[in-house]
file structure03.pdb (PDB, C-alpha atoms)
ATOM      1  CA  MET R  14     161.517  18.579-249.332
ATOM      2  CA  LEU R  15     160.166  20.888-252.016
ATOM      3  CA  VAL R  16     162.746  19.730-254.570
ATOM      4  CA  ASP R  17     161.704  16.110-253.969
ATOM      5  CA  PHE R  18     158.035  17.076-254.250
ATOM      6  CA  LEU R  19     158.647  18.734-257.626
ATOM      7  CA  GLU R  20     160.568  15.717-258.937
ATOM      8  CA  VAL R  21     158.228  12.996-257.654
ATOM      9  CA  ASN R  22     155.184  14.756-259.071
ATOM     10  CA  LYS R  23     156.947  15.669-262.347
ATOM     11  CA  LEU R  24     156.137  19.343-261.973
ATOM     12  CA  ASP R  25     157.590  21.961-264.296
ATOM     13  CA  GLY R  26     159.258  23.923-261.547
ATOM     14  CA  LYS R  27     162.641  24.548-260.020
ATOM     15  CA  ILE R  28     164.133  26.019-256.896
ATOM     16  CA  ILE R  29     166.674  28.765-257.483
ATOM     17  CA  SER R  30     169.024  29.516-254.590
ATOM     18  CA  PHE R  31     171.453  32.372-254.138
ATOM     19  CA  PRO R  32     174.393  32.645-251.715
ATOM     20  CA  CYS R  33     173.168  36.001-250.402
ATOM     21  CA  VAL R  34     169.912  37.890-249.959
ATOM     22  CA  THR R  35     168.405  38.546-253.395
ATOM     23  CA  SER R  36     165.288  40.423-254.425
ATOM     24  CA  ILE R  37     162.523  38.526-256.154
ATOM     25  CA  GLU R  38     162.556  41.189-258.869
ATOM     26  CA  LYS R  39     166.147  40.226-259.749
ATOM     27  CA  VAL R  40     165.148  36.565-259.800
ATOM     28  CA  ALA R  41     162.304  37.256-262.240
ATOM     29  CA  ASP R  42     164.742  39.150-264.480
ATOM     30  CA  SER R  43     167.316  36.351-264.284
ATOM     31  CA  VAL R  44     164.794  33.770-265.565
ATOM     32  CA  HIS R  45     163.414  36.174-268.202
ATOM     33  CA  LEU R  46     160.000  36.672-266.636
ATOM     34  CA  SER R  47     158.156  39.956-266.337
ATOM     35  CA  GLN R  48     157.592  41.616-262.995
ATOM     36  CA  SER R  49     153.901  40.723-263.321
ATOM     37  CA  SER R  50     154.928  37.050-262.974
ATOM     38  CA  ILE R  51     155.980  37.642-259.370
ATOM     39  CA  ALA R  52     153.387  36.025-257.112
ATOM     40  CA  LYS R  53     152.692  34.972-253.555
ATOM     41  CA  ALA R  54     150.655  32.255-251.901
ATOM     42  CA  VAL R  55     148.205  33.629-249.339
ATOM     43  CA  PRO R  56     147.073  31.031-246.790
ATOM     44  CA  PHE R  57     143.634  30.940-245.182
ATOM     45  CA  VAL R  58     142.350  28.442-242.617
ATOM     46  CA  ASP R  59     138.937  27.034-241.835
ATOM     47  CA  ASP R  60     137.471  25.988-238.475
ATOM     48  CA  GLU R  61     139.342  22.669-238.636
ATOM     49  CA  MET R  62     142.688  24.391-239.322
ATOM     50  CA  ASP R  63     142.827  23.081-242.903
ATOM     51  CA  PHE R  64     144.827  25.349-245.195
ATOM     52  CA  PHE R  65     143.399  26.972-248.325
ATOM     53  CA  VAL R  66     145.811  28.991-250.453
ATOM     54  CA  VAL R  67     145.127  31.645-253.065
ATOM     55  CA  VAL R  68     147.934  32.470-255.507
ATOM     56  CA  ILE R  69     147.883  36.184-256.338
ATOM     57  CA  GLY R  70     150.242  38.819-257.693
ATOM     58  CA  LYS R  71     152.950  39.961-255.264
ATOM     59  CA  GLU R  72     151.421  43.417-254.867
ATOM     60  CA  ASP R  73     147.797  42.241-254.728
ATOM     61  CA  SER R  74     145.675  41.438-251.699
ATOM     62  CA  ILE R  75     142.689  39.206-251.094
ATOM     63  CA  THR R  76     139.951  39.316-248.477
ATOM     64  CA  SER R  77     138.365  36.453-246.573
ATOM     65  CA  LYS R  78     135.121  37.182-248.397
ATOM     66  CA  GLU R  79     136.767  36.703-251.801
ATOM     67  CA  ALA R  80     138.623  33.567-250.628
ATOM     68  CA  ASN R  81     135.337  32.101-249.374
ATOM     69  CA  LEU R  82     133.761  32.740-252.780
ATOM     70  CA  LEU R  83     136.688  31.181-254.651
ATOM     71  CA  PHE R  84     136.693  28.040-252.508
ATOM     72  CA  LYS R  85     132.909  27.930-252.062
ATOM     73  CA  LYS R  86     133.367  28.006-248.304
ATOM     74  CA  LYS R  87     131.999  30.264-245.599
ATOM     75  CA  ASP R  88     134.427  30.004-242.716
ATOM     76  CA  LEU R  89     137.851  30.948-244.129
ATOM     77  CA  VAL R  90     139.954  33.485-242.289
ATOM     78  CA  PRO R  91     143.520  34.616-243.002
ATOM     79  CA  ALA R  92     146.081  32.280-241.444
ATOM     80  CA  GLN R  93     148.047  33.984-238.702
ATOM     81  CA  ASP R  94     151.861  34.079-238.759
ATOM     82  CA  LYS R  95     152.073  32.029-235.544
ATOM     83  CA  GLU R  96     149.619  29.390-236.830
ATOM     84  CA  VAL R  97     151.569  28.795-240.021
ATOM     85  CA  LEU R  98     154.896  28.697-238.220
ATOM     86  CA  SER R  99     153.727  26.351-235.460
ATOM     87  CA  LEU R 100     151.769  23.987-237.734
ATOM     88  CA  LEU R 101     154.066  23.866-240.763
ATOM     89  CA  ALA R 102     157.412  25.239-239.558
ATOM     90  CA  ILE R 103     157.511  27.819-242.356
ATOM     91  CA  GLU R 104     156.977  31.550-242.316
ATOM     92  CA  LYS R 105     153.635  32.740-243.668
ATOM     93  CA  ASP R 106     155.322  35.096-246.153
ATOM     94  CA  TYR R 107     157.169  32.121-247.681
ATOM     95  CA  PHE R 108     154.209  29.752-248.036
ATOM     96  CA  PRO R 109     154.705  27.598-251.166
ATOM     97  CA  PRO R 110     151.980  27.603-253.839
ATOM     98  CA  ILE R 111     151.817  23.826-254.233
ATOM     99  CA  ALA R 112     150.022  21.209-252.202
ATOM    100  CA  VAL R 113     153.164  19.885-250.517
ATOM    101  CA  TYR R 114     151.644  20.658-247.112
ATOM    102  CA  GLY R 115     148.189  19.345-247.980
ATOM    103  CA  ALA R 116     146.773  22.783-248.683
ATOM    104  CA  THR R 117     144.022  23.263-251.237
ATOM    105  CA  THR R 118     145.337  25.845-253.700
ATOM    106  CA  LEU R 119     143.676  28.024-256.341
ATOM    107  CA  VAL R 120     145.278  30.427-258.784
ATOM    108  CA  HIS R 121     143.496  33.782-258.753
ATOM    109  CA  PRO R 122     142.158  34.899-262.165
ATOM    110  CA  SER R 123     144.473  37.953-262.026
ATOM    111  CA  VAL R 124     147.575  35.743-262.528
ATOM    112  CA  LYS R 125     146.011  32.698-264.186
ATOM    113  CA  GLU R 126     147.075  33.768-267.692
ATOM    114  CA  LYS R 127     150.782  33.793-266.760
ATOM    115  CA  LYS R 128     152.660  30.715-268.019
ATOM    116  CA  ARG R 129     155.189  30.728-265.161
ATOM    117  CA  LEU R 130     155.231  32.369-261.746
ATOM    118  CA  VAL R 131     158.030  33.219-259.320
ATOM    119  CA  PHE R 132     157.596  32.785-255.545
ATOM    120  CA  GLU R 133     159.839  33.753-252.654
ATOM    121  CA  LEU R 134     160.583  30.777-250.366
ATOM    122  CA  SER R 135     163.144  32.668-248.255
ATOM    123  CA  GLU R 136     165.425  35.659-248.719
ATOM    124  CA  LYS R 137     167.746  33.421-250.772
ATOM    125  CA  ASP R 138     165.479  30.719-252.227
ATOM    126  CA  PHE R 139     162.839  31.062-254.917
ATOM    127  CA  LEU R 140     160.448  28.804-256.798
ATOM    128  CA  VAL R 141     159.788  29.218-260.508
ATOM    129  CA  ILE R 142     156.866  27.037-261.563
ATOM    130  CA  ALA R 143     154.416  26.620-264.417
ATOM    131  CA  THR R 144     151.044  28.049-263.439
ATOM    132  CA  ASN R 145     149.152  25.068-264.846
ATOM    133  CA  ASP R 146     151.229  22.722-262.629
ATOM    134  CA  ILE R 147     150.027  24.570-259.531
ATOM    135  CA  GLU R 148     146.482  23.843-260.618
ATOM    136  CA  LYS R 149     147.298  20.296-261.732
ATOM    137  CA  MET R 150     148.673  19.431-258.279
ATOM    138  CA  ASN R 151     145.524  20.686-256.645
ATOM    139  CA  GLU R 152     143.364  18.515-258.930
ATOM    140  CA  LEU R 153     145.426  15.449-257.968
ATOM    141  CA  GLU R 154     144.889  16.202-254.274
ATOM    142  CA  GLU R 155     141.081  16.305-254.571
TER     143      GLU R 155
END

call {"tool": "encode", "arguments": {"input": "structure03.pdb", "output": "structure tokens"}}
result
Amino acid sequence: MLVDFLEVNKLDGKIISFPCVTSIEKVADSVHLSQSSIAKAVPFVDDEMDFFVVVIGKEDSITSKEANLLFKKKDLVPAQDKEVLSLLAIEKDYFPPIAVYGATTLVHPSVKEKKRLVFELSEKDFLVIATNDIEKMNELEE
């Protein structure tokens, strides 16, 4: 599904799969990106169970208060593991950073200057994508 989404929307991204469990650090090295290009998508939900995602560095964290400021909302709370799994059939830790699931996504200023980011989609699958394409997809969704 994600591969089709990338192709249909002409996004500068690719899925990299490995036959065995691989660390995201090794993936970043294999595509010649620095460790600071490793990111994650952190999902929040509002009262209507709409998803809002903040892309941040892998080791960073974000509070509901900061997410509310970024999205100019007042009711965002972190999405729970069970909510994400039951609504989208994906694990929260592997949430993709693009609007394939209808989520509104913003790139946090701390990683915005990176040209490309690496995301973990599973223990064996990873997404390498241009940062500006994450933002471009969100603009198309609005």

call {"tool": "resolve_selection", "arguments": {"input": "structure03.pdb", "expression": "the PyMOL selection byres ((chain R and resi 74) around 12)", "output": "list in words"}}
result
Ala52, Lys53, Ala54, Val55, Pro56, Val67, Val68, Ile69, Gly70, Lys71, Glu72, Asp73, Ile75, Thr76, Ser77, Lys78, Glu79, Ala80, Pro91, His121 and Ser123 of chain R

call {"tool": "resolve_selection", "arguments": {"input": "structure03.pdb", "expression": "the PyMOL selection byres ((chain R and resi 137) around 10)", "output": "tab-separated table (two decimals) with C-alpha atoms, in the frame of the given file"}}
result
chain	number	residue	atom	x	y	z
R	29	ILE	CA	166.67	28.76	-257.48
R	30	SER	CA	169.02	29.52	-254.59
R	31	PHE	CA	171.45	32.37	-254.14
R	32	PRO	CA	174.39	32.65	-251.72
R	33	CYS	CA	173.17	36.00	-250.40
R	34	VAL	CA	169.91	37.89	-249.96
R	35	THR	CA	168.40	38.55	-253.40
R	36	SER	CA	165.29	40.42	-254.42
R	37	ILE	CA	162.52	38.53	-256.15
R	40	VAL	CA	165.15	36.56	-259.80
R	133	GLU	CA	159.84	33.75	-252.65
R	134	LEU	CA	160.58	30.78	-250.37
R	135	SER	CA	163.14	32.67	-248.26
R	136	GLU	CA	165.42	35.66	-248.72
R	138	ASP	CA	165.48	30.72	-252.23
R	139	PHE	CA	162.84	31.06	-254.92

call {"tool": "atom_distance", "arguments": {"input": "structure03.pdb", "atom1": "CA of Leu89 in chain R", "atom2": "CA of Val141 in chain R"}}
result
27.4 Å

call {"tool": "resolve_selection", "arguments": {"input": "structure03.pdb", "expression": "the PyMOL selection byres ((chain R and resi 110) around 10)", "output": "ChimeraX atom specification"}}
result
/R:52-56,66-69,107-109,111-114,116-120,130-132,134,140,142,144,147-148,150-151

call {"tool": "atom_distance", "arguments": {"input": "structure03.pdb", "atom1": "CA of Lys105 in chain R", "atom2": "CA of Asp59 in chain R"}}
result
15.9 Å

call {"tool": "atom_distance", "arguments": {"input": "structure03.pdb", "atom1": "CA of Leu82 in chain R", "atom2": "CA of Val97 in chain R"}}
result
22.3 Å

call {"tool": "residues_near_point", "arguments": {"input": "structure03.pdb", "point": "(157.8, 23.4, -256.0)", "cutoff": "7 Å", "atoms": "only C-alpha atoms", "output": "list in words"}}
result
Leu15, Val16, Phe18, Leu19, Gly26, Lys27, Ile28, Ile111, Leu140 and Ile142 of chain R

call {"tool": "write_last_selection", "arguments": {"input": "structure03.pdb", "atoms": "C-alpha atoms", "output": "PDB file, keeping the file's coordinate frame"}}
result
ATOM      1  CA  LEU R  15     160.166  20.888-252.016  1.00  0.00           C
ATOM      2  CA  VAL R  16     162.746  19.730-254.570  1.00  0.00           C
ATOM      3  CA  PHE R  18     158.035  17.076-254.250  1.00  0.00           C
ATOM      4  CA  LEU R  19     158.647  18.734-257.626  1.00  0.00           C
ATOM      5  CA  GLY R  26     159.258  23.923-261.547  1.00  0.00           C
ATOM      6  CA  LYS R  27     162.641  24.548-260.020  1.00  0.00           C
ATOM      7  CA  ILE R  28     164.133  26.019-256.896  1.00  0.00           C
ATOM      8  CA  ILE R 111     151.817  23.826-254.233  1.00  0.00           C
ATOM      9  CA  LEU R 140     160.448  28.804-256.798  1.00  0.00           C
ATOM     10  CA  ILE R 142     156.866  27.037-261.563  1.00  0.00           C
TER      11      ILE R 142
END

call {"tool": "closest_residue", "arguments": {"input": "structure03.pdb", "among": "R:Val58, R:Leu83, R:Leu98, R:Ile51", "to": "Glu38 in chain R", "atoms": "all atoms listed in the file"}}
result
R:Ile51

call {"tool": "closest_residue", "arguments": {"input": "structure03.pdb", "among": "R:Ser50, R:Asp60, R:Lys149, R:Lys127", "to": "Lys87 in chain R", "atoms": "only C-alpha atoms"}}
result
R:Asp60

call {"tool": "residues_near_point", "arguments": {"input": "structure03.pdb", "point": "(148.9, 21.9, -237.5)", "cutoff": "10 Å", "atoms": "only C-alpha atoms", "output": "list in words"}}
result
Glu61, Met62, Asp63, Phe64, Glu96, Val97, Leu98, Ser99, Leu100, Leu101 and Ala102 of chain R

call {"tool": "closest_residue", "arguments": {"input": "structure03.pdb", "among": "R:Ser47, R:Ile103, R:Lys128, R:Val21", "to": "Asp146 in chain R", "atoms": "all atoms listed in the file"}}
result
R:Lys128

call {"tool": "closest_residue", "arguments": {"input": "structure03.pdb", "among": "R:Ala143, R:Val124, R:Phe57, R:Glu104", "to": "Asp88 in chain R", "atoms": "only C-alpha atoms"}}
result
R:Phe57

call {"tool": "build_atoms", "arguments": {"input": "structure03.pdb", "residues": "range 31-42 of chain R", "atoms": "N, CA and C atoms", "output": "PDB file, keeping the file's coordinate frame"}}
result
ATOM      1  N   PHE R  31     170.361  31.416-254.025  1.00  0.00           N
ATOM      2  CA  PHE R  31     171.453  32.372-254.138  1.00  0.00           C
ATOM      3  C   PHE R  31     172.266  32.358-252.849  1.00  0.00           C
ATOM      4  N   PRO R  32     173.555  32.668-252.915  1.00  0.00           N
ATOM      5  CA  PRO R  32     174.393  32.645-251.715  1.00  0.00           C
ATOM      6  C   PRO R  32     174.122  33.810-250.759  1.00  0.00           C
ATOM      7  N   CYS R  33     173.466  34.850-251.262  1.00  0.00           N
ATOM      8  CA  CYS R  33     173.168  36.001-250.402  1.00  0.00           C
ATOM      9  C   CYS R  33     171.728  36.454-250.656  1.00  0.00           C
ATOM     10  N   VAL R  34     171.264  37.361-249.827  1.00  0.00           N
ATOM     11  CA  VAL R  34     169.912  37.890-249.959  1.00  0.00           C
ATOM     12  C   VAL R  34     169.744  38.494-251.361  1.00  0.00           C
ATOM     13  N   THR R  35     168.673  38.104-252.025  1.00  0.00           N
ATOM     14  CA  THR R  35     168.405  38.546-253.395  1.00  0.00           C
ATOM     15  C   THR R  35     166.947  38.957-253.504  1.00  0.00           C
ATOM     16  N   SER R  36     166.684  39.992-254.261  1.00  0.00           N
ATOM     17  CA  SER R  36     165.288  40.423-254.425  1.00  0.00           C
ATOM     18  C   SER R  36     164.589  39.532-255.447  1.00  0.00           C
ATOM     19  N   ILE R  37     163.307  39.350-255.239  1.00  0.00           N
ATOM     20  CA  ILE R  37     162.523  38.526-256.154  1.00  0.00           C
ATOM     21  C   ILE R  37     162.452  39.173-257.542  1.00  0.00           C
ATOM     22  N   GLU R  38     162.556  40.489-257.585  1.00  0.00           N
ATOM     23  CA  GLU R  38     162.556  41.189-258.869  1.00  0.00           C
ATOM     24  C   GLU R  38     163.780  40.784-259.700  1.00  0.00           C
ATOM     25  N   LYS R  39     164.937  40.657-259.042  1.00  0.00           N
ATOM     26  CA  LYS R  39     166.147  40.226-259.749  1.00  0.00           C
ATOM     27  C   LYS R  39     166.023  38.783-260.210  1.00  0.00           C
ATOM     28  N   VAL R  40     165.352  37.963-259.421  1.00  0.00           N
ATOM     29  CA  VAL R  40     165.148  36.565-259.800  1.00  0.00           C
ATOM     30  C   VAL R  40     164.274  36.490-261.047  1.00  0.00           C
ATOM     31  N   ALA R  41     163.187  37.238-261.064  1.00  0.00           N
ATOM     32  CA  ALA R  41     162.304  37.256-262.240  1.00  0.00           C
ATOM     33  C   ALA R  41     163.094  37.674-263.479  1.00  0.00           C
ATOM     34  N   ASP R  42     163.909  38.712-263.350  1.00  0.00           N
ATOM     35  CA  ASP R  42     164.742  39.150-264.480  1.00  0.00           C
ATOM     36  C   ASP R  42     165.707  38.055-264.917  1.00  0.00           C
TER      37      ASP R  42
END
